[in-house]
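Here is protein-v2.cif, consisting of mmCIF, C-alpha atoms:
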data_protein
loop_
_atom_site.group_PDB
_atom_site.id
_atom_site.type_symbol
_atom_site.label_atom_id
_atom_site.label_comp_id
_atom_site.auth_asym_id
_atom_site.auth_seq_id
_atom_site.Cartn_x
_atom_site.Cartn_y
_atom_site.Cartn_z
ATOM 1 C CA LEU A 29 -40.775 -13.984 1.839
ATOM 2 C CA ASN A 30 -39.154 -14.533 -1.562
ATOM 3 C CA ARG A 31 -36.222 -12.319 -0.634
ATOM 4 C CA LYS A 32 -32.857 -12.722 -2.268
ATOM 5 C CA GLY A 33 -29.519 -11.333 -1.234
ATOM 6 C CA ARG A 34 -28.248 -8.390 -3.198
ATOM 7 C CA ARG A 35 -25.149 -10.290 -4.113
ATOM 8 C CA LYS A 36 -23.861 -13.825 -3.987
ATOM 9 C CA ALA A 37 -21.247 -14.720 -1.420
ATOM 10 C CA LYS A 38 -17.696 -14.623 -2.795
ATOM 11 C CA ALA A 39 -17.250 -18.413 -2.529
ATOM 12 C CA LEU A 40 -20.501 -19.034 -4.409
ATOM 13 C CA ARG A 41 -19.551 -16.507 -7.093
ATOM 14 C CA PHE A 42 -16.232 -18.268 -7.591
ATOM 15 C CA GLY A 43 -17.877 -21.710 -7.719
ATOM 16 C CA SER A 44 -20.379 -20.470 -10.303
ATOM 17 C CA LEU A 45 -17.626 -18.912 -12.413
ATOM 18 C CA PHE A 46 -15.509 -22.072 -12.344
ATOM 19 C CA HIS A 47 -18.592 -24.175 -13.067
ATOM 20 C CA LEU A 48 -19.115 -22.226 -16.317
ATOM 21 C CA GLY A 49 -15.647 -23.322 -17.400
ATOM 22 C CA LEU A 50 -16.334 -26.944 -16.438
ATOM 23 C CA ASN A 51 -19.601 -26.944 -18.374
ATOM 24 C CA ALA A 52 -17.859 -25.650 -21.488
ATOM 25 C CA TRP A 53 -15.017 -28.151 -21.040
ATOM 26 C CA TRP A 54 -17.412 -31.109 -20.844
ATOM 27 C CA ALA A 55 -19.630 -29.827 -23.671
ATOM 28 C CA ALA A 56 -16.738 -29.444 -26.127
ATOM 29 C CA ALA A 57 -15.439 -32.766 -27.416
ATOM 30 C CA ASP A 58 -12.842 -31.238 -29.695
ATOM 31 C CA PRO A 59 -9.156 -30.287 -29.413
ATOM 32 C CA HIS A 60 -10.179 -26.744 -28.446
ATOM 33 C CA ARG A 61 -12.103 -27.698 -25.299
ATOM 34 C CA PHE A 62 -9.615 -25.989 -22.968
ATOM 35 C CA ALA A 63 -9.793 -22.743 -24.965
ATOM 36 C CA ARG A 64 -13.598 -22.963 -25.007
ATOM 37 C CA ALA A 65 -13.622 -23.441 -21.234
ATOM 38 C CA LEU A 66 -11.361 -20.412 -20.709
ATOM 39 C CA ALA A 67 -13.637 -18.357 -22.959
ATOM 40 C CA ALA A 68 -16.655 -19.395 -20.866
ATOM 41 C CA ILE A 69 -14.906 -18.170 -17.722
ATOM 42 C CA ALA A 70 -14.086 -14.862 -19.420
ATOM 43 C CA LEU A 71 -17.698 -14.429 -20.522
ATOM 44 C CA GLY A 72 -18.967 -15.279 -17.049
ATOM 45 C CA ALA A 73 -16.680 -12.720 -15.436
ATOM 46 C CA VAL A 74 -18.244 -9.648 -17.000
ATOM 47 C CA ASP A 75 -19.954 -8.361 -13.850
ATOM 48 C CA ASP A 76 -18.381 -5.854 -11.483
ATOM 49 C CA GLU A 77 -18.254 -8.332 -8.592
ATOM 50 C CA THR A 78 -15.690 -10.692 -10.137
ATOM 51 C CA ASP A 79 -12.146 -9.648 -9.372
ATOM 52 C CA ASP A 80 -9.139 -10.367 -11.560
ATOM 53 C CA PHE A 81 -7.586 -12.679 -8.988
ATOM 54 C CA ASP A 82 -10.630 -14.985 -9.019
ATOM 55 C CA ILE A 83 -10.581 -15.062 -12.820
ATOM 56 C CA VAL A 84 -6.926 -16.105 -12.847
ATOM 57 C CA LYS A 85 -7.547 -18.612 -10.027
ATOM 58 C CA ALA A 86 -10.391 -20.179 -12.050
ATOM 59 C CA GLU A 87 -8.220 -20.305 -15.173
ATOM 60 C CA VAL A 88 -5.326 -21.973 -13.334
ATOM 61 C CA LEU A 89 -7.650 -24.496 -11.665
ATOM 62 C CA LEU A 90 -9.099 -25.254 -15.075
ATOM 63 C CA ALA A 91 -5.605 -25.820 -16.482
ATOM 64 C CA GLY A 92 -4.997 -28.411 -13.763
ATOM 65 C CA TYR A 93 -8.408 -29.934 -14.363
ATOM 66 C CA HIS A 94 -7.724 -30.170 -18.085
ATOM 67 C CA ALA A 95 -4.345 -31.825 -17.487
ATOM 68 C CA ARG A 96 -5.974 -34.362 -15.160
ATOM 69 C CA TRP A 97 -8.972 -35.327 -17.310
ATOM 70 C CA ILE A 98 -8.005 -34.739 -20.961
ATOM 71 C CA ASP A 99 -6.613 -38.244 -21.483
ATOM 72 C CA GLU A 100 -9.588 -39.987 -19.895
ATOM 73 C CA ASP A 101 -12.021 -41.421 -22.395
ATOM 74 C CA PHE A 102 -15.194 -39.701 -21.146
ATOM 75 C CA ARG A 103 -17.598 -38.334 -23.762
ATOM 76 C CA ALA A 104 -20.432 -36.106 -22.621
ATOM 77 C CA LEU A 105 -23.949 -37.122 -23.578
ATOM 78 C CA ALA A 106 -25.497 -34.123 -21.801
ATOM 79 C CA VAL A 107 -24.270 -31.101 -19.845
ATOM 80 C CA GLU A 108 -26.408 -29.335 -17.230
ATOM 81 C CA LYS A 109 -29.224 -31.813 -17.835
ATOM 82 C CA ASN A 110 -32.359 -30.516 -16.126
ATOM 83 C CA PHE A 111 -34.845 -32.904 -14.585
ATOM 84 C CA ARG A 112 -38.084 -32.834 -12.674
ATOM 85 C CA SER A 113 -39.553 -35.974 -11.214
ATOM 86 C CA ALA A 114 -42.152 -36.975 -8.696
ATOM 87 C CA VAL A 115 -40.742 -38.587 -5.573
ATOM 88 C CA ASP A 116 -44.207 -39.371 -4.317
ATOM 89 C CA SER A 117 -47.646 -37.862 -4.665
ATOM 90 C CA ALA A 118 -46.731 -35.012 -2.315
ATOM 91 C CA ALA A 119 -43.334 -33.899 -3.619
ATOM 92 C CA ASP A 120 -41.531 -33.101 -6.827
ATOM 93 C CA VAL A 121 -37.772 -33.037 -7.089
ATOM 94 C CA SER A 122 -36.003 -30.970 -9.693
ATOM 95 C CA GLY A 123 -32.413 -30.157 -10.418
ATOM 96 C CA SER A 124 -29.651 -30.117 -12.945
ATOM 97 C CA ILE A 125 -27.072 -32.850 -13.395
ATOM 98 C CA ASP A 126 -23.673 -31.341 -14.219
ATOM 99 C CA ALA A 127 -22.955 -33.914 -16.933
ATOM 100 C CA ILE A 128 -23.959 -37.338 -18.117
ATOM 101 C CA ALA A 129 -21.034 -39.037 -19.822
ATOM 102 C CA THR A 130 -20.029 -42.350 -21.290
ATOM 103 C CA LYS A 131 -16.753 -44.199 -20.881
ATOM 104 C CA GLY A 132 -15.971 -47.748 -21.941
ATOM 105 C CA GLY A 133 -19.578 -48.394 -22.921
ATOM 106 C CA LYS A 134 -20.903 -47.387 -19.481
ATOM 107 C CA ILE A 135 -22.833 -44.238 -18.575
ATOM 108 C CA TYR A 136 -21.971 -42.064 -15.582
ATOM 109 C CA ASN A 137 -23.376 -38.997 -13.900
ATOM 110 C CA VAL A 138 -20.735 -36.340 -13.314
ATOM 111 C CA GLU A 139 -21.123 -34.093 -10.279
ATOM 112 C CA HIS A 140 -18.687 -31.188 -9.804
ATOM 113 C CA LYS A 141 -17.964 -29.522 -6.486
ATOM 114 C CA THR A 142 -15.501 -26.845 -5.511
ATOM 115 C CA THR A 143 -14.424 -26.538 -1.904
ATOM 116 C CA SER A 144 -11.792 -24.903 0.244
ATOM 117 C CA THR A 145 -11.886 -27.693 2.838
ATOM 118 C CA ASP A 146 -9.626 -30.722 3.100
ATOM 119 C CA ILE A 147 -10.553 -33.411 0.551
ATOM 120 C CA SER A 148 -7.773 -35.868 1.300
ATOM 121 C CA ALA A 149 -8.702 -39.530 1.767
ATOM 122 C CA GLY A 150 -10.466 -40.056 5.087
ATOM 123 C CA SER A 151 -11.211 -36.354 5.640
ATOM 124 C CA ASP A 152 -14.446 -35.098 7.149
ATOM 125 C CA TYR A 153 -15.500 -33.942 3.680
ATOM 126 C CA TRP A 154 -15.974 -37.519 2.460
ATOM 127 C CA ARG A 155 -17.625 -38.692 5.677
ATOM 128 C CA HIS A 156 -20.154 -35.889 5.212
ATOM 129 C CA VAL A 157 -20.787 -36.831 1.577
ATOM 130 C CA VAL A 158 -21.350 -40.495 2.402
ATOM 131 C CA ALA A 159 -23.498 -39.864 5.471
ATOM 132 C CA LEU A 160 -25.560 -36.821 4.506
ATOM 133 C CA ASP A 161 -25.488 -36.030 0.793
ATOM 134 C CA SER A 162 -28.519 -37.473 -1.006
ATOM 135 C CA GLN A 163 -27.673 -35.693 -4.253
ATOM 136 C CA VAL A 164 -25.947 -38.659 -5.896
ATOM 137 C CA SER A 165 -28.840 -41.062 -5.311
ATOM 138 C CA THR A 166 -31.330 -38.401 -6.417
ATOM 139 C CA TYR A 167 -29.395 -37.788 -9.631
ATOM 140 C CA ASP A 168 -28.999 -41.514 -10.302
ATOM 141 C CA ALA A 169 -32.777 -41.995 -9.976
ATOM 142 C CA ALA A 170 -33.443 -38.963 -12.190
ATOM 143 C CA SER A 171 -31.035 -40.206 -14.869
ATOM 144 C CA ARG A 172 -32.657 -43.627 -14.879
ATOM 145 C CA ALA A 173 -36.084 -41.983 -15.169
ATOM 146 C CA MET A 174 -34.771 -40.119 -18.241
ATOM 147 C CA GLY A 175 -33.692 -43.421 -19.799
ATOM 148 C CA TYR A 176 -29.980 -43.494 -18.956
ATOM 149 C CA ASP A 177 -28.611 -46.788 -17.593
ATOM 150 C CA ILE A 178 -26.286 -45.235 -15.017
ATOM 151 C CA ALA A 179 -23.305 -47.353 -13.912
ATOM 152 C CA GLY A 180 -22.148 -44.859 -11.276
ATOM 153 C CA THR A 181 -21.237 -41.281 -10.492
ATOM 154 C CA LEU A 182 -17.990 -39.427 -10.999
ATOM 155 C CA TYR A 183 -18.093 -37.227 -7.893
ATOM 156 C CA ASP A 184 -15.546 -34.700 -9.050
ATOM 157 C CA VAL A 185 -14.339 -32.444 -6.228
ATOM 158 C CA ILE A 186 -11.903 -29.641 -6.960
ATOM 159 C CA ARG A 187 -10.117 -27.996 -4.052
ATOM 160 C CA LYS A 188 -9.747 -24.263 -4.415
ATOM 161 C CA PRO A 189 -6.301 -22.859 -3.660
ATOM 162 C CA GLU A 190 -5.969 -21.041 -0.368
ATOM 163 C CA LEU A 191 -3.910 -18.260 -1.903
ATOM 164 C CA GLU A 192 -5.329 -14.792 -1.697
ATOM 165 C CA PRO A 193 -3.771 -11.629 -3.068
ATOM 166 C CA TRP A 194 -1.907 -9.293 -0.774
ATOM 167 C CA LYS A 195 -2.548 -5.656 -1.325
ATOM 168 C CA ALA A 196 0.359 -3.238 -1.209
ATOM 169 C CA THR A 197 0.548 -0.946 1.792
ATOM 170 C CA PRO A 198 -0.441 2.569 0.693
ATOM 171 C CA GLU A 199 2.586 4.836 0.289
ATOM 172 C CA GLU A 200 1.500 7.147 3.113
ATOM 173 C CA LYS A 201 1.323 4.250 5.605
ATOM 174 C CA ARG A 202 4.671 2.667 4.767
ATOM 175 C CA LYS A 203 7.432 2.725 7.385
ATOM 176 C CA TYR A 204 11.089 2.429 6.582
ATOM 177 C CA THR A 205 14.068 1.663 8.784
ATOM 178 C CA LYS A 206 17.713 2.498 8.315
ATOM 179 C CA PRO A 207 19.979 -0.432 7.517
ATOM 180 C CA THR A 208 22.086 -1.495 10.501
ATOM 181 C CA LYS A 209 24.564 -3.620 8.525
ATOM 182 C CA ALA A 210 26.788 -2.715 5.640
#
Go ahead and render the structure in this file as structure tokens.
Amino acid sequence: LNRKGRRKAKALRFGSLFHLGLNAWWAAADPHRFARALAAIALGAVDDETDDFDIVKAEVLLAGYHARWIDEDFRALAVEKNFRSAVDSAADVSGSIDAIATKGGKIYNVEHKTTSTDISAGSDYWRHVVALDSQVSTYDAASRAMGYDIAGTLYDVIRKPELEPWKATPEEKRKYTKPTKA
């Protein structure tokens, strides 16, 4: 029916916001890439649905991301690379590859995911990816069709912190007790 929700779910809004920062981080190959990524998050957070806590959470996650990846020798060839290709005569596949990057003379697709589930080695998350997720093979085929000799995929999963803000109890609902000890 071509209906869309009035608003994105909170988890999807956060993932989209953080993704803006990742895109800017990968697109900037200069010493200011972290600052550029933070600016992208700030620009993406201009709507009324993004709360301050999510902005700070995205910024802190990005700081950790930057610390992890800054010394790796990846150089982006493309960021958010759109593709459309025919799978067969009956179906077209289209999408957007988060990044295509080179390292050590080899070319890699980069796929970012944010999740709140367990991503430790051997967790259900990875069993699901291996068994059910066709995205990597689709993106590899699309990259090859665009002329990139892909050596592999950096499947980059970032676990969101479980922290959520606590709101103060309104003054009128607070209860106090008398101290029983000196």
**Request:** Considering only C-alpha atoms, state which residue in the set A:Ser113, A:Asn137, A:Asn51, A:Ser124 is at the smallest distance from Leu182 (chain A).
**Result:** A:Asn137
**Request:** Using only C-alpha atoms, determine which residues lie at most 12 Å from Gly133 (chain A), disregarding the query and same-chain residues fewer than 6 positions distant; provide the list as a ChimeraX atom specification.
**Result:** /A:101-103,177-179
**Prompt:** Pick from A:Asp152, A:Asp168, A:Asp146, A:Asp126: nearest to Leu50 (chain A), with only C-alpha atoms counted?
**Reply:** A:Asp126
**Item:** Residues selected by the PyMOL selection byres ((chain A and resi 34-46) around 10), written as a PyMOL selection string
**Value:** chain A and resi 31-33+47-51+65-66+68-73+77-79+82-83+85-87+89-90+140-144+186+188
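Closest approach to Ala169 (chain A) from the set A:Trp154, A:Pro207, A:Thr145, A:Gly123 is made by A:Gly123, with distances taken over only C-alpha atoms.
CA of Glu139 (chain A) lies 7.2 Å from CA of Thr181 (chain A).
The gap separating CA of Ala149 (chain A) from CA of Asp161 (chain A) is 17.2 Å, in Å to one decimal.
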**Item:** CA of Ile98 (chain A) to CA of Gly180 (chain A), distance in Å rounded to a single decimal
**Value:** 19.9 Å
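With all atoms listed in the file as the atoms that count, the minimum distance from Ser148 (chain A) to the choices A:Arg187, A:Lys109, A:His94, A:Lys206 is reached by A:Arg187.
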**Message:** Which residues, named as in the file, does the PyMOL selection byres ((chain A and resi 55) around 10) pick out? Answer as a PyMOL selection string.
**Reply:** chain A and resi 49-54+56-58+61+64-65+103-108+127
